[in-house]
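One file, upload.txt, carrying compact mmCIF, C-alpha atoms and all ligand atoms:
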# COMPACT_ATOMS: atom_id res chain seq x y z
CA MET A 121 6.02 2.99 10.35
CA LEU A 122 2.89 4.08 12.15
CA ASN A 123 2.33 7.58 13.41
CA VAL A 124 -0.62 8.39 15.65
CA SER A 125 -1.33 11.90 16.79
CA ASN A 126 -3.85 13.08 19.39
CA LEU A 127 -6.14 10.12 18.65
CA LYS A 128 -9.58 10.33 20.20
CA VAL A 129 -12.37 7.77 19.92
CA SER A 130 -15.89 7.95 21.31
CA TYR A 131 -18.96 5.77 21.59
CA GLY A 132 -21.74 8.33 21.14
CA GLN A 133 -21.08 11.10 23.66
CA SER A 134 -18.71 9.01 25.69
CA GLU A 135 -15.01 9.49 24.85
CA VAL A 136 -13.05 6.29 25.52
CA ILE A 137 -9.65 7.10 23.95
CA HIS A 138 -8.44 10.50 25.11
CA GLY A 139 -5.83 11.88 22.74
CA LEU A 140 -3.06 9.30 22.30
CA ASP A 141 0.25 10.15 20.63
CA PHE A 142 2.69 7.46 19.58
CA THR A 143 5.02 6.47 16.79
CA VAL A 144 6.14 2.93 16.07
CA PRO A 145 9.08 2.62 13.66
CA LYS A 146 9.81 -0.22 11.26
CA ASN A 147 11.25 -3.34 12.85
CA GLU A 148 9.82 -2.49 16.26
CA THR A 149 7.26 -4.50 18.19
CA LEU A 150 5.18 -2.42 20.57
CA ALA A 151 2.97 -4.00 23.24
CA VAL A 152 0.00 -2.04 24.56
CA MET A 153 -0.93 -3.55 27.90
CA GLY A 154 -3.93 -2.91 30.09
CA ARG A 155 -6.71 -4.52 32.04
CA ASN A 156 -10.11 -5.38 30.59
CA GLY A 157 -12.07 -2.35 29.49
CA MET A 158 -9.10 0.06 29.40
CA GLY A 159 -9.47 0.73 25.67
CA LYS A 160 -7.16 -1.67 23.85
CA THR A 161 -9.77 -3.04 21.47
CA THR A 162 -11.25 0.41 20.86
CA LEU A 163 -7.76 1.71 20.01
CA PHE A 164 -7.11 -1.14 17.55
CA LYS A 165 -10.55 -0.85 15.93
CA SER A 166 -9.94 2.83 15.35
CA LEU A 167 -6.50 2.13 13.84
CA ILE A 168 -7.97 -0.29 11.30
CA GLY A 169 -11.02 1.92 10.69
CA VAL A 170 -13.81 -0.22 12.13
CA LEU A 171 -14.51 2.68 14.49
CA PRO A 172 -14.26 6.30 13.35
CA LEU A 173 -11.90 8.75 15.04
CA SER A 174 -13.46 11.63 16.89
CA GLY A 175 -10.16 13.51 16.69
CA GLY A 176 -6.52 13.28 15.70
CA SER A 177 -4.80 11.42 12.88
CA ILE A 178 -3.20 8.13 11.85
CA SER A 179 -0.56 7.79 9.16
CA VAL A 180 1.33 4.86 7.65
CA ASP A 181 4.71 5.67 6.11
CA GLY A 182 3.63 9.30 5.77
CA THR A 183 0.21 8.59 4.19
CA ASP A 184 -2.69 9.91 6.24
CA VAL A 185 -5.25 7.08 6.51
CA SER A 186 -7.51 8.75 9.12
CA ASP A 187 -10.45 9.23 6.77
CA MET A 188 -10.07 5.98 4.86
CA GLU A 189 -12.39 3.01 5.19
CA SER A 190 -10.89 -0.23 6.50
CA HIS A 191 -10.22 -1.86 3.12
CA LYS A 192 -8.34 1.26 1.97
CA ARG A 193 -6.26 1.18 5.14
CA VAL A 194 -5.43 -2.46 4.38
CA GLU A 195 -4.35 -1.40 0.88
CA ASN A 196 -2.16 1.21 2.53
CA GLY A 197 -0.43 -1.36 4.69
CA ILE A 198 -2.36 -1.97 7.91
CA ALA A 199 -3.37 -5.55 8.75
CA TYR A 200 -5.51 -6.53 11.69
CA VAL A 201 -5.78 -9.76 13.67
CA PRO A 202 -8.90 -9.11 15.75
CA GLN A 203 -9.61 -10.28 19.26
CA GLY A 204 -11.35 -13.64 19.00
CA ARG A 205 -9.59 -14.20 15.65
CA MET A 206 -12.76 -13.99 13.52
CA ILE A 207 -11.70 -16.54 10.95
CA PHE A 208 -14.38 -17.78 8.55
CA PRO A 209 -15.52 -21.08 10.11
CA SER A 210 -17.15 -22.53 7.00
CA LEU A 211 -14.24 -21.76 4.66
CA THR A 212 -11.22 -24.05 4.47
CA VAL A 213 -7.87 -22.98 5.90
CA GLN A 214 -6.61 -22.30 2.39
CA GLU A 215 -9.70 -20.25 1.49
CA ASN A 216 -9.38 -18.25 4.70
CA ILE A 217 -5.82 -17.31 3.79
CA GLU A 218 -6.82 -16.51 0.23
CA THR A 219 -9.34 -13.91 1.43
CA GLY A 220 -6.33 -11.80 2.41
CA MET A 221 -4.61 -12.13 -0.98
CA GLU A 222 -6.87 -9.93 -3.09
CA VAL A 223 -5.25 -6.82 -1.69
CA SER A 224 -1.68 -7.92 -2.39
CA GLY A 225 -2.52 -9.52 -5.76
CA LEU A 226 -0.79 -12.77 -4.75
CA LYS A 227 -1.94 -15.74 -6.83
CA LYS A 228 -0.55 -18.48 -4.63
CA ILE A 229 -0.04 -18.72 -0.88
CA PRO A 230 3.67 -17.91 -0.45
CA ASP A 231 5.92 -20.69 0.82
CA ASP A 232 7.14 -18.54 3.69
CA ILE A 233 3.61 -18.52 5.13
CA TYR A 234 3.48 -22.31 5.29
CA ALA A 235 7.07 -22.33 6.54
CA LEU A 236 5.95 -20.14 9.46
CA PHE A 237 2.81 -22.20 10.06
CA PRO A 238 3.45 -25.81 8.98
CA VAL A 239 0.24 -26.91 10.69
CA LEU A 240 -1.78 -24.74 8.29
CA ARG A 241 -0.29 -26.56 5.31
CA GLU A 242 -1.25 -29.91 6.86
CA MET A 243 -4.76 -28.66 7.54
CA ARG A 244 -5.25 -26.54 4.43
CA LYS A 245 -8.32 -28.51 3.31
CA ARG A 246 -10.04 -28.47 6.71
CA LYS A 247 -12.75 -26.02 7.64
CA GLY A 248 -11.50 -23.12 9.75
CA GLY A 249 -14.20 -23.82 12.34
CA ASN A 250 -12.69 -27.25 13.03
CA LEU A 251 -9.29 -25.89 14.11
CA SER A 252 -8.20 -25.45 17.73
CA GLY A 253 -8.00 -21.94 19.18
CA GLY A 254 -4.23 -21.82 18.70
CA GLN A 255 -4.49 -23.01 15.11
CA GLN A 256 -7.19 -20.43 14.40
CA GLN A 257 -4.90 -17.76 15.83
CA GLN A 258 -2.15 -18.87 13.46
CA LEU A 259 -4.65 -18.80 10.61
CA ALA A 260 -5.73 -15.26 11.48
CA ILE A 261 -2.07 -14.16 11.50
CA ALA A 262 -1.42 -15.90 8.16
CA ARG A 263 -4.47 -14.22 6.62
CA ALA A 264 -3.21 -10.85 7.80
CA LEU A 265 0.35 -11.48 6.55
CA VAL A 266 -0.65 -12.27 2.96
CA THR A 267 -1.86 -8.68 2.59
CA ASN A 268 1.86 -7.77 2.82
CA PRO A 269 1.36 -5.30 5.65
CA LYS A 270 3.69 -2.56 6.78
CA VAL A 271 1.92 -2.51 10.13
CA LEU A 272 0.54 -5.64 11.77
CA LEU A 273 -1.98 -5.19 14.59
CA LEU A 274 -2.83 -8.09 16.90
CA ASP A 275 -5.52 -7.67 19.54
CA GLU A 276 -4.93 -9.99 22.53
CA PRO A 277 -3.54 -12.89 20.47
CA THR A 278 -3.02 -15.10 23.55
CA GLU A 279 -6.62 -14.88 24.78
CA GLY A 280 -8.06 -18.35 25.26
CA ILE A 281 -4.87 -20.04 24.04
CA GLN A 282 -3.06 -22.71 26.06
CA PRO A 283 0.39 -21.80 27.48
CA SER A 284 2.45 -24.12 25.25
CA ILE A 285 0.89 -22.58 22.14
CA ILE A 286 1.39 -19.05 23.49
CA LYS A 287 5.14 -19.72 23.24
CA ASP A 288 4.71 -20.78 19.60
CA ILE A 289 2.87 -17.56 18.83
CA ALA A 290 5.65 -15.53 20.44
CA ASN A 291 8.19 -17.39 18.28
CA VAL A 292 6.14 -16.72 15.17
CA LEU A 293 5.96 -12.98 15.87
CA ASN A 294 9.72 -12.89 16.38
CA GLU A 295 10.23 -14.79 13.10
CA ILE A 296 7.93 -12.39 11.24
CA LYS A 297 9.95 -9.48 12.53
CA LYS A 298 13.14 -11.07 11.25
CA MET A 299 11.65 -12.00 7.87
CA ARG A 300 9.99 -8.71 6.98
CA ASP A 301 10.41 -4.98 7.34
CA ILE A 302 7.39 -4.58 9.53
CA THR A 303 5.93 -2.71 12.48
CA ILE A 304 4.07 -4.92 14.96
CA ILE A 305 1.63 -3.67 17.59
CA VAL A 306 0.13 -6.14 19.97
CA SER A 307 -2.38 -5.60 22.76
CA GLU A 308 -2.01 -7.94 25.71
CA GLN A 309 -2.55 -8.71 29.34
CA VAL A 310 0.03 -11.52 29.55
CA LEU A 311 3.38 -10.03 30.60
CA SER A 312 5.50 -13.13 29.92
CA PHE A 313 4.30 -13.02 26.31
CA THR A 314 5.03 -9.34 25.81
CA MET A 315 8.46 -9.74 27.42
CA ALA A 316 9.17 -12.41 24.79
CA VAL A 317 8.11 -10.31 21.79
CA ALA A 318 8.04 -6.57 22.51
CA ASP A 319 10.79 -3.99 22.15
CA ARG A 320 8.68 -1.49 24.05
CA ILE A 321 5.75 -1.76 26.42
CA ILE A 322 3.10 0.91 26.98
CA VAL A 323 0.40 0.66 29.64
CA ILE A 324 -3.07 1.98 28.81
CA ASP A 325 -5.48 2.93 31.57
CA LYS A 326 -8.95 4.34 30.93
CA GLY A 327 -7.99 5.49 27.46
CA ASN A 328 -4.70 7.20 28.43
CA PHE A 329 -1.12 5.95 28.23
CA ILE A 330 0.20 6.02 31.79
CA HIS A 331 3.55 4.22 31.56
CA GLU A 332 6.14 3.33 28.94
CA ASP A 333 9.35 1.29 29.08
CA LEU A 334 11.81 -0.26 26.68
CA ARG A 335 11.73 -4.02 27.22
CA ASP A 336 15.24 -4.09 28.62
CA ASP A 337 14.32 -1.50 31.24
CA VAL A 338 10.98 -3.00 32.25
CA ASP A 339 10.23 -3.18 35.95
CA THR A 340 7.99 -6.26 35.76
CA ASP A 341 6.59 -5.77 39.26
CA LYS A 342 5.46 -2.29 38.36
CA ILE A 343 3.74 -3.45 35.17
CA LYS A 344 2.10 -6.36 37.01
CA LYS A 345 0.72 -3.85 39.48
CA TYR A 346 -0.81 -1.78 36.68
CA LEU A 347 -2.36 -4.92 35.24
CA SER A 348 -3.83 -6.15 38.50
CA VAL A 349 -5.16 -3.07 40.28
N1 LIG B 1 -19.86 -0.60 21.65
C1 LIG B 1 -19.60 0.09 22.75
N2 LIG B 1 -20.42 1.07 23.17
C2 LIG B 1 -20.16 1.79 24.28
N3 LIG B 1 -19.06 1.61 25.05
C3 LIG B 1 -18.19 0.66 24.69
C4 LIG B 1 -18.41 -0.16 23.52
N4 LIG B 1 -17.37 -1.02 23.41
C5 LIG B 1 -16.53 -0.76 24.45
N5 LIG B 1 -17.04 0.24 25.21
C6 LIG B 1 -16.40 0.81 26.43
O1 LIG B 1 -15.15 1.34 26.05
C7 LIG B 1 -14.19 1.09 27.08
C8 LIG B 1 -12.99 0.39 26.47
O2 LIG B 1 -13.35 -0.91 26.03
P1 LIG B 1 -12.39 -1.83 25.16
O3 LIG B 1 -13.19 -3.01 24.71
O4 LIG B 1 -11.72 -1.03 24.15
O5 LIG B 1 -11.34 -2.28 26.26
P2 LIG B 1 -10.22 -3.40 26.22
O6 LIG B 1 -9.06 -2.82 26.93
O7 LIG B 1 -10.03 -3.88 24.84
O8 LIG B 1 -10.86 -4.55 27.07
P3 LIG B 1 -10.92 -6.12 26.79
O9 LIG B 1 -9.62 -6.64 27.23
O10 LIG B 1 -12.05 -6.55 27.67
O11 LIG B 1 -11.20 -6.30 25.34
C9 LIG B 1 -14.91 0.30 28.15
O12 LIG B 1 -15.29 1.20 29.15
C10 LIG B 1 -16.11 -0.26 27.44
O13 LIG B 1 -17.17 -0.42 28.33
Can you present the structure in this file as structure tokens?
Amino acid sequence: MLNVSNLKVSYGQSEVIHGLDFTVPKNETLAVMGRNGMGKTTLFKSLIGVLPLSGGSISVDGTDVSDMESHKRVENGIAYVPQGRMIFPSLTVQENIETGMEVSGLKKIPDDIYALFPVLREMRKRKGGNLSGGQQQQLAIARALVTNPKVLLLDEPTEGIQPSIIKDIANVLNEIKKMRDITIIVSEQVLSFTMAVADRIIVIDKGNFIHEDLRDDVDTDKIKKYLSV
């Protein structure tokens, strides 16, 4: 589980994340929704340690990771699928996945990864750069999963992906949740996607959480309003 307390993040003098508190238990998928520029990417980068905190703390299963560098946070169970996917274009699909396996000590790509993403098995010898956006997104998720994470972070996984593939990605996240004891946190602007995957939805606005609902209680019109203002 992930526990975040009074998290603050700044660019120079300018504070962008203003003291967020949240806990996400095992087997829960949390969606953080907000318009462009509201702080989703900054929040995720600070959770994985690409950006330093200017205050507060982050812990995974009781271990404080706030002062750890990114690779140490990965060792402690956080995996990150960045916005734009950031796969290695000149490495093959298989090599891309293998870059995630050093941490977990896996020698071979587990069968359940290819069962989740059959297209990656078919394309395992192709260069990552030659895959479609949706396939690259699957590859980025596979690469994150082979680290055996306790907490999986996905920053706007539907961005630039065609609607039919967005459904596949939602199915994959639901499968992952069934297969593993995992906490999933996804940032998004697409409400239909979050309604298909999230147990809880939080709205972020200018670096503050302004609204929270369990999926079953979501007033979709209200959330749409927050996302469109
Ligand atoms: N490198 C940076 N230096 C200074 N300010 C930044 C930097 N990156 C982001 N910001 C500012 O931080 C705020 C939050 O941006 P962030 O990218 O986290 O938002 P976001 O919700 O992820 O948006 P998007 O959906 O466009 O990725 C914005 O006001 C943005 O201008």
### Query
Which of these residues is nearest to Lys297 of chain A, using all atoms listed in the file: A:Val317, A:Ile168, A:Ala199, A:Ile343?
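Using all atoms listed in the file, the shortest distance to Lys297 of chain A belongs to A:Val317.
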Contact residues around Ile285 of chain A with all atoms listed in the file at 10 Å, ignoring same-chain residues under 2 positions, as a PDB file with C-alpha atoms, in the coordinates of the input:
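Below you can see part_28.pdb, which holds the result:
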ATOM      1  CA  GLY A 253      -8.000 -21.940  19.180  1.00  0.00           C
ATOM      2  CA  GLY A 254      -4.230 -21.820  18.700  1.00  0.00           C
ATOM      3  CA  GLN A 255      -4.490 -23.010  15.110  1.00  0.00           C
ATOM      4  CA  GLN A 257      -4.900 -17.760  15.830  1.00  0.00           C
ATOM      5  CA  GLN A 258      -2.150 -18.870  13.460  1.00  0.00           C
ATOM      6  CA  THR A 278      -3.020 -15.100  23.550  1.00  0.00           C
ATOM      7  CA  ILE A 281      -4.870 -20.040  24.040  1.00  0.00           C
ATOM      8  CA  GLN A 282      -3.060 -22.710  26.060  1.00  0.00           C
ATOM      9  CA  PRO A 283       0.390 -21.800  27.480  1.00  0.00           C
ATOM     10  CA  LYS A 287       5.140 -19.720  23.240  1.00  0.00           C
ATOM     11  CA  ASP A 288       4.710 -20.780  19.600  1.00  0.00           C
ATOM     12  CA  ILE A 289       2.870 -17.560  18.830  1.00  0.00           C
ATOM     13  CA  ALA A 290       5.650 -15.530  20.440  1.00  0.00           C
ATOM     14  CA  ASN A 291       8.190 -17.390  18.280  1.00  0.00           C
TER      15      ASN A 291
END
### Task
Excluding His138 of chain A and residues on its chain fewer than 5 positions from it, collect all residues at most 12 Å away from it, counting all atoms listed in the file, and give them as an MDAnalysis selection string.
chainID A and resid 125:130 158:159 162:163 173:176 324:330
#### Entry: Expected selection as a PyMOL selection string for ligand LIG 1 (chain B) within 10 Å, all atoms listed in the file
chain A and resi 129-137+152-166+171+203-204+275-276+279+307-309+324-327
### Query
For Pro209 of chain A, which of A:Ile286, A:Ile305, A:Leu140, A:Leu251 is the closest residue, counting all atoms listed in the file?
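Residue with the minimum atom-to-atom distance to Pro209 of chain A: A:Leu251.
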### Gap from atom CA of Phe237 of chain A to atom CA of Leu259 of chain A - Å, one decimal
8.2 Å
### Query
Can you tell me, as a PyMOL selection string, what residues are no more than 7 Å from segment 334-341 of chain A when counting all atoms listed in the file, ignoring any on the same chain fewer than 5 positions away?
chain A and resi 315+318-321
#### Entry: Nearest to Pro202 of chain A by atom-to-atom distance, counting all atoms listed in the file, from A:Pro277, A:Val310, A:Thr143, A:Lys247
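When distances to Pro202 of chain A are compared using all atoms listed in the file, the smallest one comes from A:Pro277.
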